[in-house]
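Next up, final.csv (CSV, C-alpha atoms and all ligand atoms):
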chain,number,residue,atom,x,y,z
A,164,MET,CA,102.5,58.1,137.1
A,165,LYS,CA,103.7,58.6,133.5
A,166,ARG,CA,101.8,61.9,133.5
A,167,MET,CA,103.5,63.2,136.7
A,168,MET,CA,106.9,62.1,135.3
A,169,THR,CA,106.1,64.0,132.1
A,170,ALA,CA,105.2,67.2,134.1
A,171,PHE,CA,108.4,66.9,136.1
A,172,LEU,CA,110.6,66.5,133.0
A,173,CYS,CA,108.8,69.4,131.4
A,174,SER,CA,109.7,71.7,134.3
A,175,ALA,CA,113.3,70.4,134.4
A,176,LEU,CA,113.7,71.0,130.7
A,177,LEU,CA,112.3,74.5,131.0
A,178,LEU,CA,114.6,75.3,133.9
A,179,THR,CA,117.5,74.0,131.9
A,180,ALA,CA,116.4,75.9,128.9
A,181,CYS,CA,116.1,79.2,130.6
A,182,ALA,CA,119.1,79.0,132.8
A,183,ASP,CA,121.4,81.4,131.0
A,184,ALA,CA,118.6,83.5,129.5
A,185,ALA,CA,117.4,84.5,132.9
A,186,PRO,CA,117.1,88.3,133.2
A,187,ALA,CA,119.4,90.1,135.6
A,188,GLY,CA,118.4,89.6,139.2
A,189,SER,CA,116.6,86.3,138.5
A,190,SER,CA,117.1,83.5,140.9
A,191,VAL,CA,117.5,80.9,138.2
A,192,SER,CA,121.0,79.5,138.2
A,193,ASP,CA,122.8,77.9,135.4
A,194,GLY,CA,123.7,74.9,137.5
A,195,GLN,CA,121.6,72.6,135.4
A,196,SER,CA,122.8,73.5,132.0
A,197,GLY,CA,125.2,71.1,130.4
A,198,THR,CA,125.3,68.3,127.9
A,199,GLN,CA,122.3,66.1,127.8
A,200,SER,CA,122.5,62.4,128.0
A,201,GLU,CA,120.9,60.4,125.3
A,202,GLU,CA,118.4,59.2,127.8
A,203,GLN,CA,117.4,62.7,128.8
A,204,ALA,CA,117.1,63.6,125.1
A,205,GLU,CA,114.8,60.6,124.6
A,206,ASP,CA,112.7,61.5,127.6
A,207,GLN,CA,112.3,65.0,126.3
A,208,ALA,CA,111.2,63.8,123.0
A,209,GLU,CA,108.2,62.2,124.8
A,210,ILE,CA,107.1,65.4,126.5
A,211,LYS,CA,103.8,66.6,125.4
A,212,GLY,CA,103.8,70.2,124.3
A,213,LEU,CA,101.0,72.4,123.0
A,214,LYS,CA,101.6,71.1,119.5
A,215,ASP,CA,100.9,67.5,120.6
A,216,VAL,CA,97.8,68.4,122.6
A,217,PHE,CA,96.4,70.5,119.7
A,218,ALA,CA,97.3,67.9,117.1
A,219,GLU,CA,94.8,65.5,118.7
A,220,HIS,CA,92.2,68.0,117.4
A,221,GLY,CA,93.8,68.6,114.0
A,222,ILE,CA,95.1,72.0,115.1
A,223,LYS,CA,98.6,73.5,114.8
A,224,ALA,CA,100.1,75.3,117.8
A,225,GLY,CA,101.9,78.5,116.7
A,226,CYS,CA,104.0,81.2,118.1
A,227,CYS,CA,105.4,84.5,116.7
A,228,VAL,CA,109.2,84.7,116.6
A,229,SER,CA,111.9,87.2,116.2
A,230,GLY,CA,115.5,86.7,115.0
A,231,PHE,CA,116.5,87.1,118.7
A,232,ALA,CA,114.2,84.2,119.8
A,233,ILE,CA,115.4,81.7,117.3
A,234,ASN,CA,119.0,82.4,118.0
A,235,SER,CA,118.7,82.2,121.8
A,236,ARG,CA,119.8,78.8,123.0
A,237,ASN,CA,117.5,79.3,125.9
A,238,ILE,CA,114.3,80.2,124.0
A,239,GLU,CA,114.8,78.0,120.9
A,240,PRO,CA,114.3,74.6,122.8
A,241,ILE,CA,111.0,75.8,124.3
A,242,LEU,CA,109.8,76.9,120.9
A,243,LEU,CA,110.7,73.6,119.3
A,244,GLN,CA,109.1,71.6,122.2
A,245,GLN,CA,105.8,73.5,122.2
A,246,PHE,CA,105.1,74.7,118.7
A,247,ASN,CA,104.9,73.4,115.1
A,248,SER,CA,104.0,76.7,113.4
A,249,VAL,CA,105.7,80.1,113.5
A,250,THR,CA,104.8,83.6,112.4
A,251,ALA,CA,107.5,86.2,111.9
A,252,GLU,CA,106.7,88.8,114.6
A,253,ASN,CA,107.8,91.8,112.5
A,254,SER,CA,110.2,90.8,109.8
A,255,MET,CA,107.6,89.9,107.1
A,256,LYS,CA,105.6,93.1,107.5
A,257,PRO,CA,105.4,95.6,104.7
A,258,ASP,CA,108.1,97.9,106.1
A,259,ALA,CA,110.5,95.0,106.5
A,260,ILE,CA,110.0,93.4,103.0
A,261,LEU,CA,109.8,96.4,100.7
A,262,SER,CA,113.0,97.7,99.3
A,263,LYS,CA,112.9,101.5,98.5
A,264,ALA,CA,116.1,101.5,96.5
A,265,ASP,CA,114.9,98.6,94.3
A,266,SER,CA,111.4,100.2,94.0
A,267,LEU,CA,113.0,103.5,92.8
A,268,ALA,CA,115.1,101.6,90.3
A,269,GLU,CA,112.1,99.6,89.0
A,270,GLY,CA,109.4,102.2,89.2
A,271,THR,CA,107.1,99.9,91.1
A,272,LEU,CA,107.1,98.2,94.5
A,273,VAL,CA,109.8,95.6,94.9
A,274,VAL,CA,109.9,93.0,97.6
A,275,LYS,CA,113.2,91.8,99.1
A,276,TYR,CA,113.3,89.9,102.3
A,277,GLY,CA,115.8,91.1,104.9
A,278,SER,CA,118.3,89.0,106.8
A,279,GLU,CA,116.0,88.5,109.8
A,280,ALA,CA,113.1,87.1,107.7
A,281,GLN,CA,115.6,84.9,105.8
A,282,SER,CA,117.0,83.5,109.0
A,283,ILE,CA,113.6,82.7,110.4
A,284,LEU,CA,112.6,81.0,107.1
A,285,ALA,CA,115.8,79.0,107.1
A,286,TRP,CA,115.3,78.0,110.8
A,287,ALA,CA,111.7,77.0,110.2
A,288,LYS,CA,112.6,74.8,107.3
A,289,GLU,CA,115.5,73.2,109.1
A,290,ASN,CA,113.3,72.4,112.0
A,291,GLY,CA,110.3,71.2,110.1
A,292,LEU,CA,108.0,74.0,111.2
A,293,SER,CA,105.1,75.3,109.2
A,294,MET,CA,104.6,79.1,108.8
A,295,ARG,CA,101.7,81.6,108.8
A,296,GLY,CA,102.5,84.6,106.6
A,297,HIS,CA,101.9,88.0,108.3
A,298,THR,CA,101.1,90.5,106.6
A,299,LEU,CA,100.7,92.1,103.2
A,300,ILE,CA,98.2,95.0,103.3
A,301,TRP,CA,98.0,97.0,106.5
A,302,TYR,CA,97.8,100.6,107.6
A,303,ASN,CA,100.6,100.1,110.2
A,304,GLN,CA,104.3,99.2,109.8
A,305,THR,CA,103.9,100.2,106.2
A,306,PRO,CA,106.2,102.8,104.8
A,307,ASP,CA,104.6,106.1,103.7
A,308,TRP,CA,106.7,106.4,100.6
A,309,ILE,CA,104.8,103.6,98.9
A,310,PHE,CA,101.8,105.9,98.5
A,311,HIS,CA,103.5,108.9,97.0
A,312,GLU,CA,104.4,109.9,93.4
A,313,ASP,CA,108.0,108.8,92.7
A,314,PHE,CA,108.1,107.2,96.2
A,315,ASP,CA,108.8,110.7,97.5
A,316,THR,CA,106.8,111.7,100.6
A,317,GLN,CA,107.1,115.4,99.7
A,318,LYS,CA,105.0,114.7,96.5
A,319,PRO,CA,101.3,114.0,96.4
A,320,PHE,CA,99.6,110.6,96.7
A,321,VAL,CA,99.5,108.6,93.5
A,322,GLY,CA,96.1,108.0,91.9
A,323,ARG,CA,93.9,104.8,92.3
A,324,ASP,CA,95.2,103.0,89.2
A,325,GLU,CA,98.9,103.5,90.1
A,326,MET,CA,98.2,102.4,93.7
A,327,LEU,CA,96.4,99.3,92.5
A,328,SER,CA,99.3,98.5,90.3
A,329,ARG,CA,101.7,99.0,93.2
A,330,MET,CA,99.5,96.7,95.4
A,331,GLU,CA,99.7,94.1,92.7
A,332,SER,CA,103.5,94.4,92.6
A,333,LEU,CA,103.7,94.0,96.3
A,334,ILE,CA,101.6,90.9,96.5
A,335,LYS,CA,103.0,89.3,93.4
A,336,GLY,CA,106.5,90.2,94.5
A,337,ASN,CA,106.0,88.6,97.9
A,338,PHE,CA,105.0,85.2,96.6
A,339,GLU,CA,107.8,85.4,93.9
A,340,GLU,CA,110.3,86.1,96.6
A,341,LEU,CA,109.2,83.2,98.7
A,342,ASP,CA,109.4,81.0,95.7
A,343,ALA,CA,112.8,82.2,94.6
A,344,LEU,CA,114.2,81.6,98.1
A,345,GLY,CA,112.6,78.1,98.2
A,346,TYR,CA,110.2,78.6,101.1
A,347,THR,CA,106.7,78.5,99.6
A,348,ASP,CA,106.0,75.0,100.8
A,349,LEU,CA,106.4,76.1,104.5
A,350,PHE,CA,103.3,78.3,104.3
A,351,TYR,CA,99.8,77.1,105.0
A,352,ALA,CA,98.1,80.5,105.5
A,353,TYR,CA,98.8,84.1,104.8
A,354,ASP,CA,97.3,87.3,106.2
A,355,VAL,CA,96.5,89.3,103.0
A,356,VAL,CA,94.8,92.2,104.8
A,357,ASN,CA,95.3,93.1,108.5
A,358,GLU,CA,92.9,95.3,110.5
A,359,GLY,CA,90.7,96.8,107.8
A,360,TRP,CA,87.5,97.3,110.0
A,361,MET,CA,86.5,99.3,113.0
A,362,GLU,CA,84.3,98.2,115.9
A,363,ASP,CA,81.5,100.6,114.8
A,364,GLY,CA,81.0,98.7,111.6
A,365,THR,CA,82.8,101.1,109.3
A,366,MET,CA,86.0,100.5,107.4
A,367,ARG,CA,89.2,101.9,108.9
A,368,LYS,CA,90.3,105.0,107.1
A,369,ASN,CA,93.9,104.6,105.9
A,370,ASN,CA,96.1,105.4,102.9
A,371,TRP,CA,95.0,102.3,101.0
A,372,TYR,CA,91.3,103.3,101.6
A,373,ASP,CA,91.9,106.9,100.8
A,374,ILE,CA,93.7,106.3,97.5
A,375,ILE,CA,92.0,103.2,96.1
A,376,GLY,CA,88.6,103.4,97.8
A,377,GLU,CA,86.5,100.9,99.7
A,378,ASP,CA,87.2,98.1,97.3
A,379,TYR,CA,90.9,98.0,98.2
A,380,ILE,CA,90.4,94.9,100.3
A,381,TRP,CA,88.6,93.2,97.4
A,382,TYR,CA,91.6,93.9,95.2
A,383,ALA,CA,94.1,92.7,97.7
A,384,PHE,CA,92.3,89.3,97.8
A,385,TYR,CA,91.9,89.3,94.0
A,386,TYR,CA,95.7,89.7,93.6
A,387,ALA,CA,96.5,87.3,96.4
A,388,ASP,CA,94.2,84.7,94.8
A,389,LYS,CA,96.0,85.3,91.5
A,390,TYR,CA,99.6,84.9,92.7
A,391,ALA,CA,99.5,82.8,95.8
A,392,PRO,CA,99.7,79.0,95.3
A,393,GLU,CA,96.5,77.1,96.0
A,394,SER,CA,98.2,75.4,99.0
A,395,ILE,CA,98.3,78.7,101.0
A,396,ASP,CA,95.0,79.8,102.6
A,397,LEU,CA,94.3,83.5,102.3
A,398,TYR,CA,93.2,85.3,105.5
A,399,TYR,CA,91.6,88.5,106.6
A,400,ASN,CA,93.0,89.2,110.1
A,401,ASP,CA,91.7,91.5,112.8
A,402,TYR,CA,91.4,92.3,116.5
A,403,ASN,CA,88.3,92.8,118.7
A,404,GLU,CA,86.8,90.2,116.4
A,405,GLN,CA,84.0,89.5,118.8
A,406,TYR,CA,82.7,93.0,118.4
A,407,LYS,CA,83.4,93.1,114.6
A,408,ALA,CA,81.8,89.8,113.9
A,409,ASP,CA,78.5,91.1,112.4
A,410,SER,CA,80.1,93.5,110.0
A,411,LEU,CA,82.9,91.0,109.1
A,412,CYS,CA,80.3,88.3,108.2
A,413,ARG,CA,78.5,90.7,105.9
A,414,PHE,CA,81.8,91.9,104.4
A,415,VAL,CA,83.4,88.6,103.6
A,416,ASN,CA,80.4,87.8,101.4
A,417,THR,CA,81.6,90.5,99.1
A,418,LEU,CA,85.0,88.9,98.7
A,419,VAL,CA,84.0,86.8,95.7
A,420,ASP,CA,84.9,86.7,92.1
A,421,GLU,CA,82.5,87.1,89.2
A,422,ASP,CA,81.4,83.4,89.5
A,423,GLY,CA,80.6,83.8,93.2
A,424,ARG,CA,83.7,81.9,94.3
A,425,TYR,CA,85.3,83.1,97.5
A,426,LEU,CA,88.7,84.9,97.0
A,427,ILE,CA,89.3,84.4,100.8
A,428,ASP,CA,89.8,81.2,102.7
A,429,GLY,CA,89.7,82.3,106.3
A,430,ILE,CA,89.3,84.8,109.0
A,431,GLY,CA,92.1,85.4,111.5
A,432,LEU,CA,91.1,86.0,115.1
A,433,GLN,CA,93.9,88.0,116.7
A,434,ALA,CA,92.5,87.2,120.2
A,435,HIS,CA,94.4,89.9,122.0
A,436,LEU,CA,92.2,89.4,125.1
A,437,PHE,CA,92.0,90.5,128.7
A,438,THR,CA,90.9,88.5,131.8
A,439,ASP,CA,88.1,91.2,132.2
A,440,ASP,CA,86.7,90.3,128.7
A,441,ASP,CA,83.5,88.2,128.8
A,442,LEU,CA,84.5,84.8,127.4
A,443,ASN,CA,80.9,84.0,126.4
A,444,ILE,CA,80.8,87.1,124.3
A,445,TYR,CA,84.1,86.1,122.7
A,446,LEU,CA,82.9,82.6,121.9
A,447,LYS,CA,79.6,83.9,120.5
A,448,GLY,CA,81.6,86.1,118.2
A,449,VAL,CA,83.6,83.0,117.1
A,450,ASP,CA,80.4,81.1,116.5
A,451,LYS,CA,79.0,84.0,114.5
A,452,LEU,CA,82.1,84.2,112.3
A,453,ALA,CA,81.9,80.4,111.7
A,454,THR,CA,78.5,80.9,110.0
A,455,THR,CA,80.4,82.3,107.0
A,456,GLY,CA,81.6,78.7,106.4
A,457,LEU,CA,85.2,80.1,106.1
A,458,LYS,CA,88.1,78.6,108.0
A,459,LEU,CA,89.0,80.3,111.3
A,460,GLN,CA,92.4,80.6,112.9
A,461,VAL,CA,93.4,82.1,116.2
A,462,THR,CA,96.4,84.2,115.0
A,463,GLU,CA,97.9,86.3,117.9
A,464,LEU,CA,96.5,85.0,121.2
A,465,ASP,CA,97.6,86.6,124.4
A,466,LEU,CA,95.5,87.2,127.5
A,467,GLY,CA,96.4,90.2,129.6
A,468,LEU,CA,95.6,90.5,133.3
A,469,GLY,CA,92.9,93.2,133.8
A,470,SER,CA,91.6,95.3,131.0
A,471,TYR,CA,92.9,97.6,128.3
A,472,GLY,CA,94.8,100.5,130.0
A,473,SER,CA,94.4,98.9,133.4
A,474,PRO,CA,96.9,96.1,133.9
A,475,LYS,CA,96.6,94.1,137.1
A,476,GLU,CA,99.6,92.8,139.1
A,477,PRO,CA,100.4,89.1,138.6
A,478,SER,CA,99.2,88.0,142.0
A,479,GLU,CA,98.6,84.4,142.7
A,480,ASP,CA,94.9,84.9,142.4
A,481,MET,CA,95.1,86.8,139.1
A,482,LEU,CA,97.5,84.2,137.7
A,483,LYS,CA,95.0,81.5,138.6
A,484,GLU,CA,92.2,83.4,137.0
A,485,GLN,CA,94.3,83.7,133.9
A,486,GLY,CA,94.9,79.9,134.0
A,487,ARG,CA,91.2,79.2,134.2
A,488,TYR,CA,90.4,81.6,131.4
A,489,TYR,CA,93.0,80.0,129.1
A,490,TYR,CA,91.6,76.6,130.0
A,491,GLU,CA,88.0,77.6,129.2
A,492,LEU,CA,88.9,79.5,126.0
A,493,ILE,CA,91.0,76.7,124.5
A,494,ASN,CA,88.5,74.1,125.7
A,495,GLY,CA,85.7,76.0,124.0
A,496,LEU,CA,87.7,76.2,120.7
A,497,LEU,CA,88.8,72.5,120.8
A,498,GLU,CA,85.2,71.4,121.5
A,499,ARG,CA,83.9,73.4,118.6
A,500,ALA,CA,86.6,72.1,116.3
A,501,ASP,CA,85.9,68.5,117.4
A,502,ALA,CA,82.2,68.9,116.9
A,503,GLY,CA,82.8,70.5,113.5
A,504,THR,CA,81.0,73.7,114.3
A,505,ILE,CA,84.1,75.6,113.5
A,506,ASN,CA,86.7,74.8,110.9
A,507,MET,CA,89.9,75.7,112.7
A,508,ASP,CA,93.4,74.4,111.9
A,509,ALA,CA,95.7,76.7,113.9
A,510,ILE,CA,95.9,78.5,117.3
A,511,VAL,CA,98.9,80.9,117.3
A,512,PHE,CA,100.1,82.7,120.4
A,513,TRP,CA,101.7,86.1,120.1
A,514,GLY,CA,104.9,85.1,122.0
A,515,PHE,CA,105.4,82.6,124.7
A,516,SER,CA,106.9,84.4,127.7
A,517,ASP,CA,106.0,87.5,129.8
A,518,LEU,CA,109.7,88.6,129.4
A,519,THR,CA,109.4,89.3,125.7
A,520,SER,CA,105.7,89.9,125.1
A,521,TRP,CA,104.7,93.2,123.4
A,522,ARG,CA,102.1,93.6,126.3
A,523,ALA,CA,104.6,92.5,129.1
A,524,GLU,CA,102.9,94.9,131.6
A,525,TYR,CA,99.8,92.7,131.4
A,526,SER,CA,101.7,89.4,132.0
A,527,PRO,CA,99.7,87.8,129.2
A,528,MET,CA,101.7,84.7,128.1
A,529,LEU,CA,101.9,81.0,129.1
A,530,PHE,CA,105.4,81.2,130.6
A,531,ASP,CA,106.7,83.7,133.1
A,532,LYS,CA,109.7,86.0,132.8
A,533,THR,CA,112.1,83.2,133.8
A,534,PHE,CA,110.4,80.9,131.3
A,535,GLN,CA,108.6,78.8,133.8
A,536,PRO,CA,105.1,77.5,132.9
A,537,LYS,CA,102.3,79.4,134.5
A,538,TYR,CA,98.8,78.2,135.4
A,539,ALA,CA,98.1,79.8,131.9
A,540,TYR,CA,100.3,77.1,130.3
A,541,TYR,CA,98.5,74.2,132.0
A,542,GLY,CA,95.2,75.9,131.1
A,543,ALA,CA,96.3,76.0,127.4
A,544,VAL,CA,97.4,72.3,127.4
A,545,GLN,CA,94.2,71.4,129.1
A,546,GLU,CA,95.7,70.1,132.3
A,547,LYS,CA,92.8,71.4,134.3
A,548,ASP,CA,94.1,70.2,137.7
A,549,LYS,CA,97.1,72.5,137.4
A,550,ALA,CA,95.3,75.4,135.6
A,551,GLY,CA,94.3,77.4,138.7
A,552,TYR,CA,91.1,75.7,139.8
A,553,GLU,CA,90.7,75.1,143.6
B,601,LIG,C1,98.7,93.6,115.7
B,601,LIG,C2,99.5,93.0,114.6
B,601,LIG,C3,100.7,92.3,115.0
B,601,LIG,C4,101.5,93.0,116.1
B,601,LIG,C5,100.6,93.4,117.2
B,601,LIG,C6,101.4,94.1,118.2
B,601,LIG,O1,98.0,92.7,116.4
B,601,LIG,O2,98.7,92.2,113.7
B,601,LIG,O3,101.5,92.0,113.9
B,601,LIG,O4,102.0,94.1,115.5
B,601,LIG,O5,99.6,94.2,116.7
B,601,LIG,O6,102.6,93.5,118.5

Give the structure from this file in structure tokens form.
Amino acid sequence: MKRMMTAFLCSALLLTACADAAPAGSSVSDGQSGTQSEEQAEDQAEIKGLKDVFAEHGIKAGCCVSGFAINSRNIEPILLQQFNSVTAENSMKPDAILSKADSLAEGTLVVKYGSEAQSILAWAKENGLSMRGHTLIWYNQTPDWIFHEDFDTQKPFVGRDEMLSRMESLIKGNFEELDALGYTDLFYAYDVVNEGWMEDGTMRKNNWYDIIGEDYIWYAFYYADKYAPESIDLYYNDYNEQYKADSLCRFVNTLVDEDGRYLIDGIGLQAHLFTDDDLNIYLKGVDKLATTGLKLQVTELDLGLGSYGSPKEPSEDMLKEQGRYYYELINGLLERADAGTINMDAIVFWGFSDLTSWRAEYSPMLFDKTFQPKYAYYGAVQEKDKAGYE
């Protein structure tokens, strides 16, 4: 009975929460919004969200957030009800944290967080949320000027030594900025390098690689290990991880210092999946990566309907298939974590609603465009009877 009551309250809260955020043309009315009674607030405090379900397995439930999401009085309550970890969706990426004016003035890379990052950090602190840092060294969303002499894209690339020195400044500057602003303690993990490998087992060719050489990832971890506090786990993060598992396993063994100590703590599994992806192959990839003995975190989970380039319509059947897939995937991960065959302390979703997802055309998230929970949500919280099974 309690369980049914909980589910009802959950829907009611979500309906209330999304009332005035409903997109134009939505049938959701704002008739339910208004001041909550204390009793309602107490009831809501008892509602089990993803964070409560995952906590039973020692795992944080995370979501990426933008400045828009945390300032929306419709989205914020859902975030706070469901998640206890956040990742800045864009505002802590290299193009958002590097100041060109200050870099020119100092002659090396200078990190200065912008107002969106600062408001996300302040919001996370105020609400007792933990944070995953994302991301320092990447080929994408990284300004071109950082690779050129005098930070001038008309001039040639700098040499290896100068680029290593700039990399060191970026990484050192990032952790100094966090410290200066008073947010270091929020972070339990940081993506030091994002997407450095290809599915064919070769390294991705990018400016970092071209200028520094194939040891650029080693140096990124060397500097991160030097400047990040011990309390922050250092991650290599990538997509299509099930197909990259063999080469990543070999590669992480090279990320050690002269005493053989790992410079890396964990591997981030982006998990940008599709319902057409074979779940057994995915979980085999996870098992393979676990053989490194490193921690694993799911860092950007979303599950599109169909396959890459071929989105399927969110029909009732497809939404049920998605619900079952989410159930089996999360169940597979929680079982492995419980059995100790993987060391996983976070599962982070790349958004929460099909309205704001970067892959909206694939309807990949747990909540629909009017912020109602889908079969996918019930699959993720392991309520199998509501997850799309007949
Ligand atoms: C990658 C990145 C994320 C994000 C997504 C697309 O997975 O790691 O930061 O940019 O692409 O939104």

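The nearest approach to ligand LIG 601 (chain B) among the residues A:Asp373, A:Asp313, A:Asp428, A:Glu463, with only C-alpha atoms and all ligand atoms taken into account, belongs to A:Glu463.
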
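You will find CA of Ile309 (chain A) at 27.7 Å from CA of Val249 (chain A).
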
Checklist entry - When distances are computed from all atoms listed in the file, which of A:Phe534, A:Tyr406, A:Tyr541, A:Phe512 shows the smallest separation from ligand LIG 601 (chain B)? => result A:Phe512

Checklist entry - In Å, with one decimal, what is the gap from CA of His311 (chain A) to CA of Met366 (chain A)? => result 22.0 Å

Checklist outcome for this item: If you count only C-alpha atoms, the residue of A:Leu284, A:Ile444, A:Ile300, A:Leu497 closest to Leu327 (chain A) turns out to be A:Ile300
